[in-house]
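This report concerns only the one structure given below.
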Amino acid sequence: MSESDMPHSPTDRSFRKIEQPLPIKIGVVLGGLTLVGGELWWFLGRKQQQQQATQTNGVQEVLITVDGGYRPDRVVVNSGEPVRLSFDRLDNNSCLDEVLIPDFGISTHLPVGQTTTVKFTPTKTGEYAFTCGMRMFRGVIEVK
């Protein structure tokens with residue numbers, strides 16, 4: 001009896017090939033590709049929701065709903081005019097506990113079930129990111 005014909009012993013640490021049917025292999029590959037595609041769409045392909053700020057008593061205002069991300073996630077404001085962003089937090093995901101707007105030195109806690117306001121005045125045109133505390137959810141402030 002040759003070594004390759006001998007049965008594996010419990011102490012044998014070598015791997016045995018287990019052949020899977022072709023439909024199972026195809027299903028696993030398609031499932032994996034679907035998950036990867038979904039993740040790419042979620043983080044890179046979602047269409048932004050844009051909103052122009054409204055003027056109230058000389059202040060530009062936008063209400064942003066915090067629920068699984070930010071809606072709208074793109075805010076358009078004018079340079080040189082005060083901005084008031086109101087974050088209405090509905091989602092209790094701990095990642096959304098805080099909003100960061102680093103270019104304006106803003107780091108604010110967002111309590112669940114409350115609307116929290118941040119104020120700043122942009123002086124330069126451009127795009128400025130705002131994110132959750134873990135930087136997973138993000139949005140953009142476009143200053144014109």
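Just remember, in the structure tokens the first chain shown is A, the second B, etc., residues are 1-based per chain, and ligands are 1-based in the order shown.
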For this session: Apply DSSP to the structure's backbone, then extract all residues of stretch 13-72 of chain A labelled helix (DSSP H, G or I) and return them as a list in words.
Result: Leu22, Pro23, Ile24, Lys25, Ile26, Gly27, Val28, Val29, Leu30, Gly31, Gly32, Leu33, Thr34, Leu35, Val36, Gly37, Gly38, Glu39, Leu40, Trp41, Trp42, Phe43, Leu44 and Gly45 of chain A
Can I get the selection written as a PDB file, in the first residue's frame, with C-alpha atoms?
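Result file follows (out_4.pdb):
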```
ATOM      1  CA  LEU A  22     -20.078  23.448  -9.901  1.00  0.00           C
ATOM      2  CA  PRO A  23     -23.426  25.202  -9.101  1.00  0.00           C
ATOM      3  CA  ILE A  24     -22.246  25.824  -5.512  1.00  0.00           C
ATOM      4  CA  LYS A  25     -18.952  27.296  -6.753  1.00  0.00           C
ATOM      5  CA  ILE A  26     -20.801  29.569  -9.167  1.00  0.00           C
ATOM      6  CA  GLY A  27     -23.245  30.628  -6.430  1.00  0.00           C
ATOM      7  CA  VAL A  28     -20.447  31.543  -4.021  1.00  0.00           C
ATOM      8  CA  VAL A  29     -18.617  33.582  -6.688  1.00  0.00           C
ATOM      9  CA  LEU A  30     -21.810  35.409  -7.759  1.00  0.00           C
ATOM     10  CA  GLY A  31     -22.736  36.109  -4.131  1.00  0.00           C
ATOM     11  CA  GLY A  32     -19.299  37.565  -3.447  1.00  0.00           C
ATOM     12  CA  LEU A  33     -19.387  39.729  -6.567  1.00  0.00           C
ATOM     13  CA  THR A  34     -22.842  41.004  -5.590  1.00  0.00           C
ATOM     14  CA  LEU A  35     -21.616  41.990  -2.125  1.00  0.00           C
ATOM     15  CA  VAL A  36     -18.542  43.763  -3.508  1.00  0.00           C
ATOM     16  CA  GLY A  37     -20.683  45.585  -6.070  1.00  0.00           C
ATOM     17  CA  GLY A  38     -23.130  46.667  -3.343  1.00  0.00           C
ATOM     18  CA  GLU A  39     -20.327  48.050  -1.195  1.00  0.00           C
ATOM     19  CA  LEU A  40     -18.833  49.968  -4.119  1.00  0.00           C
ATOM     20  CA  TRP A  41     -22.231  51.478  -4.936  1.00  0.00           C
ATOM     21  CA  TRP A  42     -22.846  52.418  -1.288  1.00  0.00           C
ATOM     22  CA  PHE A  43     -19.526  54.204  -0.793  1.00  0.00           C
ATOM     23  CA  LEU A  44     -18.762  55.503  -4.285  1.00  0.00           C
ATOM     24  CA  GLY A  45     -21.815  55.429  -6.497  1.00  0.00           C
TER      25      GLY A  45
END
```
Problem set entry | Distance query stretch 84-97 of chain A at most 8 Å, only C-alpha atoms, self and fewer than 2 positions along chain excluded, as a ChimeraX atom specification | /A:59-69,82,99,109-120,132-134,136-137
Exercise. For A:Gln52, which residue among A:Gln20, A:Leu100, A:Gly80, A:Lys144 is the nearest when counting only C-alpha atoms?
Worked result: A:Lys144
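Using only C-alpha atoms, the shortest contact distance between A:Val77 and any of A:Ile18, A:Ala53, A:Ala129, A:Val140 is found at A:Ala53.
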Exercise. Distance atom CA of A:Tyr70-atom CA of A:Gly139, one decimal place?
Worked result: 6.7 Å
